[in-house]
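Enquirer: Structure file structure.txt, compact mmCIF, C-alpha atoms, is pasted below:
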# COMPACT_ATOMS: atom_id res chain seq x y z
CA MET A 1 19.89 15.33 -1.38
CA SER A 2 17.47 13.13 -3.26
CA ILE A 3 18.31 10.13 -1.05
CA LEU A 4 17.76 12.18 2.12
CA ILE A 5 14.40 13.45 0.83
CA GLN A 6 13.26 9.90 0.08
CA PHE A 7 14.36 8.73 3.52
CA LEU A 8 12.30 11.57 5.05
CA VAL A 9 9.33 10.69 2.84
CA GLY A 10 9.49 7.10 4.11
CA LEU A 11 9.84 8.29 7.71
CA LEU A 12 6.89 10.70 7.42
CA PHE A 13 4.80 8.02 5.71
CA GLY A 14 5.66 5.53 8.46
CA LEU A 15 4.86 8.02 11.23
CA GLY A 16 1.54 8.70 9.52
CA LEU A 17 0.71 4.99 9.45
CA ILE A 18 1.55 4.65 13.17
CA VAL A 19 -0.34 7.80 14.27
CA ALA A 20 -3.33 6.74 12.17
CA GLY A 21 -3.32 3.29 13.76
CA MET A 22 -2.93 1.64 10.37
CA SER A 23 0.36 -0.09 11.19
CA ASP A 24 -1.61 -2.28 13.61
CA PRO A 25 -3.36 -5.25 11.96
CA ALA A 26 -5.91 -5.46 14.80
CA LYS A 27 -7.02 -1.90 14.03
CA VAL A 28 -7.25 -2.55 10.29
CA LEU A 29 -9.29 -5.72 10.81
CA GLY A 30 -11.52 -3.78 13.23
CA PHE A 31 -12.44 -1.56 10.28
CA LEU A 32 -12.82 -4.34 7.70
CA ASP A 33 -15.17 -6.24 10.04
CA LEU A 34 -18.50 -4.77 8.92
CA GLY A 35 -20.17 -7.76 10.56
CA ALA A 36 -19.34 -6.10 13.90
CA ILE A 37 -21.66 -3.15 13.20
CA PRO A 38 -24.72 -4.75 14.85
CA GLN A 39 -22.60 -5.60 17.92
CA GLY A 40 -21.36 -2.01 18.21
CA THR A 41 -17.68 -2.98 17.95
CA TRP A 42 -16.99 -1.72 14.41
CA ASP A 43 -14.09 0.80 14.17
CA PRO A 44 -14.58 3.29 11.29
CA SER A 45 -11.17 4.98 11.84
CA LEU A 46 -9.81 3.92 8.44
CA VAL A 47 -12.35 6.20 6.74
CA PHE A 48 -10.65 9.10 8.52
CA VAL A 49 -7.19 7.94 7.44
CA MET A 50 -8.39 7.91 3.83
CA ALA A 51 -10.06 11.31 4.26
CA GLY A 52 -6.89 12.87 5.72
CA GLY A 53 -4.61 11.24 3.16
CA ILE A 54 -6.73 11.94 0.09
CA GLY A 55 -7.64 15.44 1.29
CA VAL A 56 -4.00 16.53 1.55
CA THR A 57 -2.88 14.68 -1.59
CA LEU A 58 -5.76 15.90 -3.75
CA ILE A 59 -4.85 19.54 -3.06
CA GLY A 60 -1.09 18.94 -2.86
CA TYR A 61 -0.92 17.07 -6.19
CA ARG A 62 -2.88 19.85 -7.88
CA LEU A 63 -0.38 22.47 -6.68
CA VAL A 64 2.70 20.33 -7.41
CA LEU A 65 1.65 19.05 -10.83
CA GLY A 66 0.79 22.61 -11.84
CA ARG A 67 4.49 23.49 -11.48
CA GLY A 68 5.38 21.69 -14.69
CA ARG A 69 8.28 19.64 -13.33
CA PRO A 70 9.50 18.21 -10.01
CA LEU A 71 12.35 19.86 -8.09
CA LEU A 72 14.91 17.04 -8.31
CA ALA A 73 13.87 15.11 -11.45
CA ALA A 74 13.46 15.91 -15.14
CA ARG A 75 9.74 15.18 -15.26
CA PHE A 76 6.77 13.67 -13.45
CA ALA A 77 6.56 9.87 -13.77
CA LEU A 78 2.81 9.25 -13.75
CA PRO A 79 1.01 6.07 -14.84
CA SER A 80 -0.44 6.66 -18.30
CA ALA A 81 -3.06 3.88 -18.34
CA ASN A 82 -6.52 4.69 -17.04
CA ARG A 83 -8.59 1.79 -18.39
CA PRO A 84 -9.22 -0.96 -15.83
CA ASP A 85 -8.51 -4.48 -17.08
CA LEU A 86 -8.85 -8.04 -15.88
CA ARG A 87 -5.31 -8.13 -14.53
CA LEU A 88 -5.93 -5.05 -12.35
CA VAL A 89 -9.12 -6.54 -10.91
CA THR A 90 -7.56 -9.98 -10.36
CA GLY A 91 -4.53 -8.50 -8.62
CA ALA A 92 -6.63 -6.19 -6.44
CA ALA A 93 -8.94 -9.07 -5.48
CA LEU A 94 -6.00 -11.27 -4.39
CA PHE A 95 -4.46 -8.33 -2.53
CA GLY A 96 -7.74 -7.75 -0.65
CA LEU A 97 -7.98 -11.44 0.23
CA GLY A 98 -4.51 -11.36 1.81
CA TRP A 99 -5.15 -8.00 3.48
CA GLY A 100 -8.34 -9.36 5.03
CA LEU A 101 -6.58 -12.53 6.26
CA ALA A 102 -3.79 -10.78 8.19
CA GLY A 103 -4.60 -7.05 8.37
CA PHE A 104 -1.17 -6.21 6.93
CA CYS A 105 -0.48 -4.36 3.67
CA PRO A 106 3.01 -3.46 2.37
CA GLY A 107 3.59 -0.13 4.21
CA PRO A 108 2.58 -1.37 7.67
CA ALA A 109 4.54 -4.60 7.12
CA LEU A 110 7.73 -2.55 6.64
CA VAL A 111 6.92 -0.28 9.59
CA SER A 112 6.63 -3.45 11.72
CA VAL A 113 10.10 -4.84 10.92
CA LEU A 114 11.51 -3.63 14.26
CA THR A 115 8.33 -3.79 16.32
CA GLY A 116 6.37 -6.79 15.05
CA GLY A 117 8.56 -9.70 16.16
CA PRO A 118 8.99 -12.94 14.21
CA LEU A 119 5.38 -13.08 12.97
CA ALA A 120 5.71 -9.73 11.19
CA LEU A 121 8.92 -10.97 9.56
CA VAL A 122 7.16 -14.14 8.40
CA PHE A 123 4.52 -11.99 6.69
CA LEU A 124 7.16 -9.69 5.19
CA ALA A 125 9.24 -12.57 3.81
CA ALA A 126 6.17 -14.16 2.20
CA MET A 127 5.14 -10.77 0.78
CA LEU A 128 8.55 -10.28 -0.85
CA VAL A 129 8.33 -13.77 -2.39
CA GLY A 130 4.84 -12.98 -3.72
CA MET A 131 6.07 -9.70 -5.21
CA ALA A 132 9.10 -11.27 -6.87
CA LEU A 133 6.87 -14.01 -8.28
CA ALA A 134 4.38 -11.52 -9.75
CA ARG A 135 7.17 -9.43 -11.28
CA ARG A 136 8.69 -12.51 -12.87
CA LEU A 137 5.37 -13.66 -14.23
CA ALA A 138 4.50 -10.19 -15.51
CA ALA A 139 7.87 -9.97 -17.29
CA THR A 140 7.39 -13.28 -19.10
CA PRO A 141 6.84 -12.47 -22.77
CA GLU A 142 3.63 -13.78 -24.25
CA LEU A 143 3.86 -17.04 -26.10
CA PRO A 144 4.63 -16.57 -29.78
CA PRO A 145 1.61 -17.09 -32.03
CA VAL A 146 1.26 -20.61 -33.33
CA ALA A 147 2.47 -20.82 -36.91
CA PRO A 148 -0.36 -21.70 -39.32
CA ALA A 149 -0.28 -25.35 -40.25
CA HIS A 150 0.93 -26.04 -43.76
CA ARG A 151 -1.39 -27.84 -46.05
CA ASN A 152 0.27 -30.54 -48.01
CA MET B 1 -22.87 2.24 17.71
CA ILE B 2 -19.13 2.43 17.33
CA ALA B 3 -16.17 0.71 18.97
CA ASP B 4 -14.24 2.24 21.87
CA SER B 5 -11.09 1.94 19.77
CA PHE B 6 -12.45 4.59 17.31
CA THR B 7 -9.78 7.31 16.84
CA PRO B 8 -11.11 9.90 14.35
CA ILE B 9 -8.67 12.74 15.19
CA ALA B 10 -5.49 10.64 15.31
CA SER B 11 -6.51 8.78 12.16
CA LEU B 12 -7.30 12.01 10.30
CA GLY B 13 -3.94 13.46 11.42
CA GLY B 14 -2.03 10.28 10.53
CA GLY B 15 -3.74 10.22 7.14
CA ALA B 16 -2.69 13.84 6.58
CA LEU B 17 0.95 12.90 7.33
CA ILE B 18 0.71 10.07 4.79
CA GLY B 19 -0.72 12.55 2.28
CA LEU B 20 2.09 15.02 3.03
CA ALA B 21 4.67 12.28 2.37
CA ALA B 22 2.99 11.46 -0.95
CA VAL B 23 2.94 15.14 -1.99
CA MET B 24 6.61 15.54 -0.99
CA LEU B 25 7.66 12.60 -3.16
CA MET B 26 5.76 14.09 -6.11
CA LEU B 27 7.17 17.58 -5.50
CA PHE B 28 10.83 16.48 -5.27
CA GLN B 29 11.03 13.27 -7.32
CA GLY B 30 7.89 13.45 -9.48
CA ARG B 31 6.87 9.97 -8.36
CA ILE B 32 3.85 8.16 -6.94
CA ALA B 33 4.25 7.01 -3.32
CA GLY B 34 3.14 3.44 -3.91
CA ILE B 35 4.85 1.18 -1.39
CA SER B 36 4.28 -2.05 -3.33
CA GLY B 37 5.81 -0.51 -6.45
CA ILE B 38 8.78 0.87 -4.54
CA VAL B 39 9.52 -2.47 -2.85
CA SER B 40 8.84 -4.74 -5.83
CA ARG B 41 11.10 -2.70 -8.14
CA LEU B 42 13.97 -3.92 -5.95
CA LEU B 43 13.08 -7.59 -6.62
CA PRO B 44 15.35 -7.62 -8.60
CA PRO B 45 16.44 -3.94 -8.75
CA GLU B 46 15.35 -2.07 -11.87
CA SER B 47 18.16 -0.32 -13.73
CA ASP B 48 16.50 3.11 -13.71
CA GLY B 49 18.84 4.83 -11.22
CA GLN B 50 16.16 4.85 -8.48
CA THR B 51 17.44 1.92 -6.41
CA ALA B 52 19.20 3.97 -3.71
CA GLY B 53 16.18 6.25 -3.34
CA ARG B 54 13.85 3.26 -2.99
CA VAL B 55 16.08 1.70 -0.33
CA ALA B 56 16.20 5.06 1.51
CA MET B 57 12.40 5.32 1.56
CA ILE B 58 12.05 1.77 2.88
CA ALA B 59 14.66 2.55 5.56
CA GLY B 60 12.59 5.59 6.54
CA LEU B 61 9.51 3.39 6.97
CA GLY B 62 11.53 0.92 9.03
CA VAL B 63 12.88 3.49 11.50
CA ALA B 64 9.54 5.31 11.90
CA PRO B 65 8.74 3.42 15.16
CA ILE B 66 12.03 4.62 16.70
CA VAL B 67 11.21 8.26 15.91
CA TYR B 68 7.60 7.77 17.07
CA ALA B 69 8.86 6.27 20.35
CA ALA B 70 11.37 9.12 20.82
CA ILE B 71 8.57 11.69 20.47
CA THR B 72 5.75 9.97 22.37
CA GLY B 73 7.54 7.50 24.63
CA ILE B 74 5.36 4.71 23.23
CA TRP B 75 6.85 1.75 21.33
CA PRO B 76 4.15 0.97 18.74
CA VAL B 77 3.79 -2.81 18.82
CA PRO B 78 1.40 -4.24 16.18
CA GLN B 79 -1.17 -6.76 17.42
CA ILE B 80 -0.93 -9.73 15.07
CA GLY B 81 -3.81 -12.15 15.57
CA ALA B 82 -3.01 -14.59 12.76
CA GLY B 83 -0.64 -17.55 13.12
CA ALA B 84 2.40 -18.22 10.95
CA PRO B 85 0.65 -20.38 8.29
CA VAL B 86 -2.05 -17.75 7.72
CA LEU B 87 0.60 -15.01 7.62
CA VAL B 88 2.53 -16.90 4.94
CA ALA B 89 -0.60 -17.25 2.80
CA ALA B 90 -1.60 -13.63 3.44
CA GLY B 91 1.91 -12.36 2.66
CA LEU B 92 2.05 -14.26 -0.63
CA LEU B 93 -1.40 -12.93 -1.63
CA VAL B 94 -0.63 -9.34 -0.61
CA GLY B 95 2.74 -9.39 -2.37
CA PHE B 96 1.53 -11.08 -5.54
CA GLY B 97 -1.78 -9.21 -5.73
CA SER B 98 -0.31 -5.74 -5.19
CA VAL B 99 2.22 -6.19 -7.99
CA TRP B 100 -0.24 -7.94 -10.33
CA GLY B 101 -2.82 -5.19 -9.73
CA ASN B 102 -0.20 -2.39 -9.99
CA GLY B 103 -0.70 -0.98 -6.51
CA CYS B 104 -1.80 -1.33 -2.91
CA THR B 105 -3.53 0.86 -0.33
CA SER B 106 -0.99 3.67 -0.82
CA GLY B 107 -0.51 3.72 -4.60
CA HIS B 108 -4.15 3.13 -5.55
CA GLY B 109 -5.87 4.18 -2.30
CA ILE B 110 -4.15 7.50 -1.60
CA CYS B 111 -2.22 8.55 -4.72
CA GLY B 112 -4.48 7.02 -7.40
CA LEU B 113 -7.76 8.28 -5.96
CA SER B 114 -6.20 11.74 -5.55
CA ARG B 115 -5.29 11.68 -9.25
CA LEU B 116 -8.93 10.73 -9.98
CA SER B 117 -7.69 7.55 -11.70
CA LEU B 118 -10.48 5.21 -12.82
CA ARG B 119 -8.10 2.24 -12.54
CA SER B 120 -7.39 3.10 -8.91
CA LEU B 121 -11.08 3.54 -8.13
CA VAL B 122 -11.79 0.06 -9.52
CA ALA B 123 -8.79 -1.42 -7.67
CA VAL B 124 -9.77 0.16 -4.33
CA GLY B 125 -13.40 -0.96 -4.71
CA THR B 126 -12.22 -4.48 -5.53
CA PHE B 127 -9.70 -4.93 -2.71
CA MET B 128 -11.98 -3.31 -0.12
CA ALA B 129 -14.77 -5.69 -1.16
CA THR B 130 -12.62 -8.85 -1.03
CA ALA B 131 -10.95 -7.79 2.24
CA ILE B 132 -14.32 -7.10 3.90
CA ALA B 133 -15.72 -10.39 2.58
CA THR B 134 -12.64 -12.27 3.84
CA VAL B 135 -12.92 -10.81 7.34
CA PHE B 136 -16.64 -11.60 7.39
CA VAL B 137 -16.02 -15.23 6.46
CA VAL B 138 -13.13 -15.64 8.93
CA ARG B 139 -14.83 -13.92 11.88
CA HIS B 140 -18.50 -14.75 11.42
CA LEU B 141 -18.85 -17.87 9.30
CA LEU B 142 -15.89 -20.11 10.15
Translate this file's structure into C-alpha cells.
Expert:
Amino acid sequence: MSILIQFLVGLLFGLGLIVAGMSDPAKVLGFLDLGAIPQGTWDPSLVFVMAGGIGVTLIGYRLVLGRGRPLLAARFALPSANRPDLRLVTGAALFGLGWGLAGFCPGPALVSVLTGGPLALVFLAAMLVGMALARRLAATPELPPVAPAHRN
Amino acid sequence: MIADSFTPIASLGGGALIGLAAVMLMLFQGRIAGISGIVSRLLPPESDGQTAGRVAMIAGLGVAPIVYAAITGIWPVPQIGAGAPVLVAAGLLVGFGSVWGNGCTSGHGICGLSRLSLRSLVAVGTFMATAIATVFVVRHLL
C-alpha cells in the first residue's frame, strides 16, 4: 500500500513538472534569465508554478498536520531546525550555480531519464556522484580536539 | 513585455499537481517531498525502512513522461542547451549543493516555504540569486 502510494506521489509530481514546463531546462533558463526582460523574451512561468505548488501545499499541509498523525506512519517526520547556517547558504549557493548552468534540478533530471537522451543521463550521473560525495563529507565526524600540550 | 513561451495556466496547474503530490506524501507517510533528500538517502541506502518507498517514488517520476504521452499524445522531450562538460559540472554542483544545503527546489521551494520555514526561505533566496546571476553571466557577459 505504502509503496503504491509513493509510486503515485512520484508519478503525480512528475506529471506536475511536465505540465508546468519545469522538466524542460530551456523553460527554466527562460525564467532565470532576468537579463532578457528588456528584450521582451523573459518567461515568468516559474512564478506560477511556485504559486500553484505553494498555494496547494500551504492549505494541504495545514489540514494534514492538524490530523495529529499520518495515515500510514506513526508520526510526521518534519525537520526540526529552523535557524539558517553557513552550511545551508553554501549548499544552496552551489545548487543555484549548477541549476543556472544547466537548467536541471533533481526532480526534472529524473523525469528526463527516458526522454532526455544521453545528455540528461550525463547530468543525472554527475548529480548522483555529487550527492554521494556530500553525504559522505557530511557524515565525516569532526576532528577530535587537539590535546593540550604538556608542559615539561 | 513577456516571452511567447509564457504559460501561466499550465504552469499554475502543473504547480498545483506538484503541491498535491507533496500533500499526499505528508498525509500518507508524514514526510516532506524533497527530491534531493529522497534520492540522496539511497546513496548509500539509509537503514530506516524507507528504501523501497524512495525507489517507488523515483520510479513514479521516471515513468511520468509515459503517462503524460498516453494522455496527451505528446512525448515531452527536454531541450538541453548545455554540452556534456557543462552538464557534468552542473550535475556535480546540483547534487552536492542540494545535499549540503538540505534541499532543492521541491524540499525548500515548495514544502519548506509552505511550512513557513526560515531556513527554506534563506535557501530559496540564495539559490534563486546564484542561479539568476549564473544565467546572466553565461548569457550576457561571456
Enquirer: Pick the closest to B:Gly107 from A:Ala73, A:Val89, A:Cys105, A:Val56: which is it, counting all atoms listed in the file?
Expert: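 Of A:Ala73, A:Val89, A:Cys105, A:Val56, the one nearest B:Gly107 is A:Cys105, counting all atoms listed in the file.
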Enquirer: Under the rule that only C-alpha atoms are counted, which of A:Leu86, A:Ser80, A:Arg62, A:Leu97 is the nearest residue to chain B?
Expert: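 The closest residue to chain B is A:Leu97.
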Enquirer: Dig up all the protein and nucleic acid residues within 12 Å of (3.3, 14.3, -2.8) in the file frame, using all atoms listed in the file, and format them as an MDAnalysis selection string.
Expert: (chainID A and resid 5:6 9:10 12:13 53:65 70:71 76) or (chainID B and resid 16:34 106:107 110:112 114:115)
Enquirer: Expressed in Å to a single decimal, how great is the separation between atom CA of B:Ser117 and atom CA of A:Arg83?
Expert: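 Going from atom CA of B:Ser117 over to atom CA of A:Arg83 covers 8.9 Å.
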Enquirer: Measure the distance from atom CA of A:Met22 to atom CA of A:Ser112 in Å and round it to one decimal.
Expert: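 Between these atoms lies a distance of 10.9 Å.
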Enquirer: Could you tell me which of A:Val111, A:Ala77, A:Ala26, A:Ile3 comes closest to B:Val67 if we count only C-alpha atoms?
Expert: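 Comparing A:Val111, A:Ala77, A:Ala26, A:Ile3 against B:Val67, the winner is A:Val111.
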Enquirer: At a cut-off of 12 Å around the point (-7.5, 7.0, 9.4) (file coordinates), what residues fall inside when counting only C-alpha atoms? I'd like the answer as a ChimeraX atom specification.
Expert: /A:16-24,27-28,31,43-55 /B:6-19,110
Enquirer: Give the answer as one residue: which of A:Ala81, A:Ala138, A:Leu88, A:Ala109 has the shortest atom-to-atom distance to chain B, using all atoms listed in the file?
Expert: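 Smallest separation from chain B among the options: A:Leu88.
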Enquirer: Out of A:Gly35, A:Gly100, A:Gly14, A:Pro25, which residue has the shortest atom-to-atom distance to B:Leu141 when counting all atoms listed in the file?
Expert: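 Ranking A:Gly35, A:Gly100, A:Gly14, A:Pro25 by distance to B:Leu141, first place goes to A:Gly35.
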Enquirer: Rounded to one decimal, what separation in Å do you get between atom CA of A:Pro84 and atom CA of B:Thr51?
Expert: 28.4 Å
Enquirer: Skip stretch 88-95 of chain B itself and residues of its chain fewer than 6 positions away, then list as a count of residues only all residues within 12 Å of it, counting only C-alpha atoms.
Expert: 54
Enquirer: Restricting the calculation to all atoms listed in the file: of B:Leu142, B:Pro65, B:Met57, B:Ser98, which residue gets closest to B:Val77?
Expert: B:Pro65
Enquirer: Just so I have it separately, write stretch 28-55 of chain B from the block I sent, keeping N, CA, C and O atoms, as a PDB file, in the first residue's frame.
Expert:
ATOM      1  N   PHE B  28      -0.087  10.546   3.842  1.00  0.00           N
ATOM      2  CA  PHE B  28       0.056   9.092   3.998  1.00  0.00           C
ATOM      3  C   PHE B  28       1.312   8.709   4.773  1.00  0.00           C
ATOM      4  O   PHE B  28       1.258   7.858   5.657  1.00  0.00           O
ATOM      5  N   GLN B  29       2.445   9.320   4.422  1.00  0.00           N
ATOM      6  CA  GLN B  29       3.722   8.891   5.014  1.00  0.00           C
ATOM      7  C   GLN B  29       4.248   9.851   6.077  1.00  0.00           C
ATOM      8  O   GLN B  29       5.207   9.533   6.776  1.00  0.00           O
ATOM      9  N   GLY B  30       3.689  11.061   6.147  1.00  0.00           N
ATOM     10  CA  GLY B  30       4.188  12.041   7.111  1.00  0.00           C
ATOM     11  C   GLY B  30       5.548  12.593   6.741  1.00  0.00           C
ATOM     12  O   GLY B  30       6.323  12.980   7.610  1.00  0.00           O
ATOM     13  N   ARG B  31       5.847  12.626   5.419  1.00  0.00           N
ATOM     14  CA  ARG B  31       7.184  13.046   5.006  1.00  0.00           C
ATOM     15  C   ARG B  31       7.170  14.208   4.022  1.00  0.00           C
ATOM     16  O   ARG B  31       6.215  14.412   3.294  1.00  0.00           O
ATOM     17  N   ILE B  32       8.285  14.943   4.020  1.00  0.00           N
ATOM     18  CA  ILE B  32       8.499  16.060   3.102  1.00  0.00           C
ATOM     19  C   ILE B  32       8.855  15.511   1.722  1.00  0.00           C
ATOM     20  O   ILE B  32       9.669  14.600   1.621  1.00  0.00           O
ATOM     21  N   ALA B  33       8.239  16.073   0.670  1.00  0.00           N
ATOM     22  CA  ALA B  33       8.537  15.631  -0.694  1.00  0.00           C
ATOM     23  C   ALA B  33       9.732  16.401  -1.253  1.00  0.00           C
ATOM     24  O   ALA B  33       9.590  17.221  -2.143  1.00  0.00           O
ATOM     25  N   GLY B  34      10.888  16.114  -0.692  1.00  0.00           N
ATOM     26  CA  GLY B  34      12.121  16.739  -1.189  1.00  0.00           C
ATOM     27  C   GLY B  34      12.864  15.732  -2.053  1.00  0.00           C
ATOM     28  O   GLY B  34      13.318  14.711  -1.557  1.00  0.00           O
ATOM     29  N   ILE B  35      12.967  16.017  -3.348  1.00  0.00           N
ATOM     30  CA  ILE B  35      13.539  15.007  -4.247  1.00  0.00           C
ATOM     31  C   ILE B  35      15.014  14.745  -3.919  1.00  0.00           C
ATOM     32  O   ILE B  35      15.451  13.596  -3.914  1.00  0.00           O
ATOM     33  N   SER B  36      15.772  15.808  -3.624  1.00  0.00           N
ATOM     34  CA  SER B  36      17.196  15.575  -3.355  1.00  0.00           C
ATOM     35  C   SER B  36      17.380  14.700  -2.120  1.00  0.00           C
ATOM     36  O   SER B  36      18.247  13.828  -2.094  1.00  0.00           O
ATOM     37  N   GLY B  37      16.552  14.894  -1.108  1.00  0.00           N
ATOM     38  CA  GLY B  37      16.645  14.071   0.097  1.00  0.00           C
ATOM     39  C   GLY B  37      16.272  12.629  -0.185  1.00  0.00           C
ATOM     40  O   GLY B  37      16.911  11.695   0.303  1.00  0.00           O
ATOM     41  N   ILE B  38      15.228  12.444  -0.998  1.00  0.00           N
ATOM     42  CA  ILE B  38      14.755  11.090  -1.311  1.00  0.00           C
ATOM     43  C   ILE B  38      15.816  10.325  -2.116  1.00  0.00           C
ATOM     44  O   ILE B  38      16.092   9.157  -1.847  1.00  0.00           O
ATOM     45  N   VAL B  39      16.433  11.011  -3.079  1.00  0.00           N
ATOM     46  CA  VAL B  39      17.456  10.340  -3.901  1.00  0.00           C
ATOM     47  C   VAL B  39      18.736  10.111  -3.097  1.00  0.00           C
ATOM     48  O   VAL B  39      19.289   9.014  -3.090  1.00  0.00           O
ATOM     49  N   SER B  40      19.188  11.137  -2.377  1.00  0.00           N
ATOM     50  CA  SER B  40      20.496  11.025  -1.719  1.00  0.00           C
ATOM     51  C   SER B  40      20.468  10.007  -0.582  1.00  0.00           C
ATOM     52  O   SER B  40      21.497   9.421  -0.255  1.00  0.00           O
ATOM     53  N   ARG B  41      19.303   9.771   0.009  1.00  0.00           N
ATOM     54  CA  ARG B  41      19.229   8.786   1.093  1.00  0.00           C
ATOM     55  C   ARG B  41      19.340   7.347   0.580  1.00  0.00           C
ATOM     56  O   ARG B  41      19.287   6.400   1.349  1.00  0.00           O
ATOM     57  N   LEU B  42      19.474   7.217  -0.749  1.00  0.00           N
ATOM     58  CA  LEU B  42      19.747   5.902  -1.336  1.00  0.00           C
ATOM     59  C   LEU B  42      21.240   5.746  -1.654  1.00  0.00           C
ATOM     60  O   LEU B  42      21.662   4.734  -2.200  1.00  0.00           O
ATOM     61  N   LEU B  43      22.037   6.756  -1.343  1.00  0.00           N
ATOM     62  CA  LEU B  43      23.455   6.785  -1.779  1.00  0.00           C
ATOM     63  C   LEU B  43      24.431   6.883  -0.608  1.00  0.00           C
ATOM     64  O   LEU B  43      25.021   7.933  -0.407  1.00  0.00           O
ATOM     65  N   PRO B  44      24.667   5.857   0.157  1.00  0.00           N
ATOM     66  CA  PRO B  44      24.066   4.524   0.114  1.00  0.00           C
ATOM     67  C   PRO B  44      22.733   4.523   0.870  1.00  0.00           C
ATOM     68  O   PRO B  44      22.458   5.464   1.603  1.00  0.00           O
ATOM     69  N   PRO B  45      21.905   3.463   0.710  1.00  0.00           N
ATOM     70  CA  PRO B  45      20.585   3.446   1.345  1.00  0.00           C
ATOM     71  C   PRO B  45      20.650   3.564   2.864  1.00  0.00           C
ATOM     72  O   PRO B  45      21.456   2.891   3.500  1.00  0.00           O
ATOM     73  N   GLU B  46      19.813   4.437   3.419  1.00  0.00           N
ATOM     74  CA  GLU B  46      19.723   4.556   4.874  1.00  0.00           C
ATOM     75  C   GLU B  46      18.929   3.373   5.421  1.00  0.00           C
ATOM     76  O   GLU B  46      18.007   2.891   4.767  1.00  0.00           O
ATOM     77  N   SER B  47      19.277   2.933   6.622  1.00  0.00           N
ATOM     78  CA  SER B  47      18.592   1.763   7.187  1.00  0.00           C
ATOM     79  C   SER B  47      17.414   2.224   8.046  1.00  0.00           C
ATOM     80  O   SER B  47      17.362   1.978   9.234  1.00  0.00           O
ATOM     81  N   ASP B  48      16.468   2.944   7.415  1.00  0.00           N
ATOM     82  CA  ASP B  48      15.305   3.436   8.161  1.00  0.00           C
ATOM     83  C   ASP B  48      14.005   2.826   7.628  1.00  0.00           C
ATOM     84  O   ASP B  48      12.911   3.300   7.939  1.00  0.00           O
ATOM     85  N   GLY B  49      14.131   1.765   6.807  1.00  0.00           N
ATOM     86  CA  GLY B  49      12.934   1.084   6.307  1.00  0.00           C
ATOM     87  C   GLY B  49      12.211   1.836   5.197  1.00  0.00           C
ATOM     88  O   GLY B  49      11.122   1.446   4.800  1.00  0.00           O
ATOM     89  N   GLN B  50      12.789   2.922   4.695  1.00  0.00           N
ATOM     90  CA  GLN B  50      12.106   3.743   3.679  1.00  0.00           C
ATOM     91  C   GLN B  50      12.636   3.502   2.271  1.00  0.00           C
ATOM     92  O   GLN B  50      12.194   4.157   1.333  1.00  0.00           O
ATOM     93  N   THR B  51      13.617   2.603   2.134  1.00  0.00           N
ATOM     94  CA  THR B  51      14.296   2.452   0.847  1.00  0.00           C
ATOM     95  C   THR B  51      13.330   2.095  -0.282  1.00  0.00           C
ATOM     96  O   THR B  51      13.358   2.720  -1.345  1.00  0.00           O
ATOM     97  N   ALA B  52      12.461   1.106  -0.062  1.00  0.00           N
ATOM     98  CA  ALA B  52      11.539   0.677  -1.124  1.00  0.00           C
ATOM     99  C   ALA B  52      10.610   1.824  -1.531  1.00  0.00           C
ATOM    100  O   ALA B  52      10.341   2.033  -2.718  1.00  0.00           O
ATOM    101  N   GLY B  53      10.133   2.578  -0.537  1.00  0.00           N
ATOM    102  CA  GLY B  53       9.256   3.705  -0.829  1.00  0.00           C
ATOM    103  C   GLY B  53       9.966   4.774  -1.645  1.00  0.00           C
ATOM    104  O   GLY B  53       9.384   5.371  -2.558  1.00  0.00           O
ATOM    105  N   ARG B  54      11.241   5.023  -1.301  1.00  0.00           N
ATOM    106  CA  ARG B  54      12.016   6.023  -2.058  1.00  0.00           C
ATOM    107  C   ARG B  54      12.209   5.580  -3.496  1.00  0.00           C
ATOM    108  O   ARG B  54      12.059   6.378  -4.433  1.00  0.00           O
ATOM    109  N   VAL B  55      12.537   4.303  -3.687  1.00  0.00           N
ATOM    110  CA  VAL B  55      12.719   3.776  -5.041  1.00  0.00           C
ATOM    111  C   VAL B  55      11.407   3.884  -5.817  1.00  0.00           C
ATOM    112  O   VAL B  55      11.397   4.274  -6.990  1.00  0.00           O
TER     113      VAL B  55
END
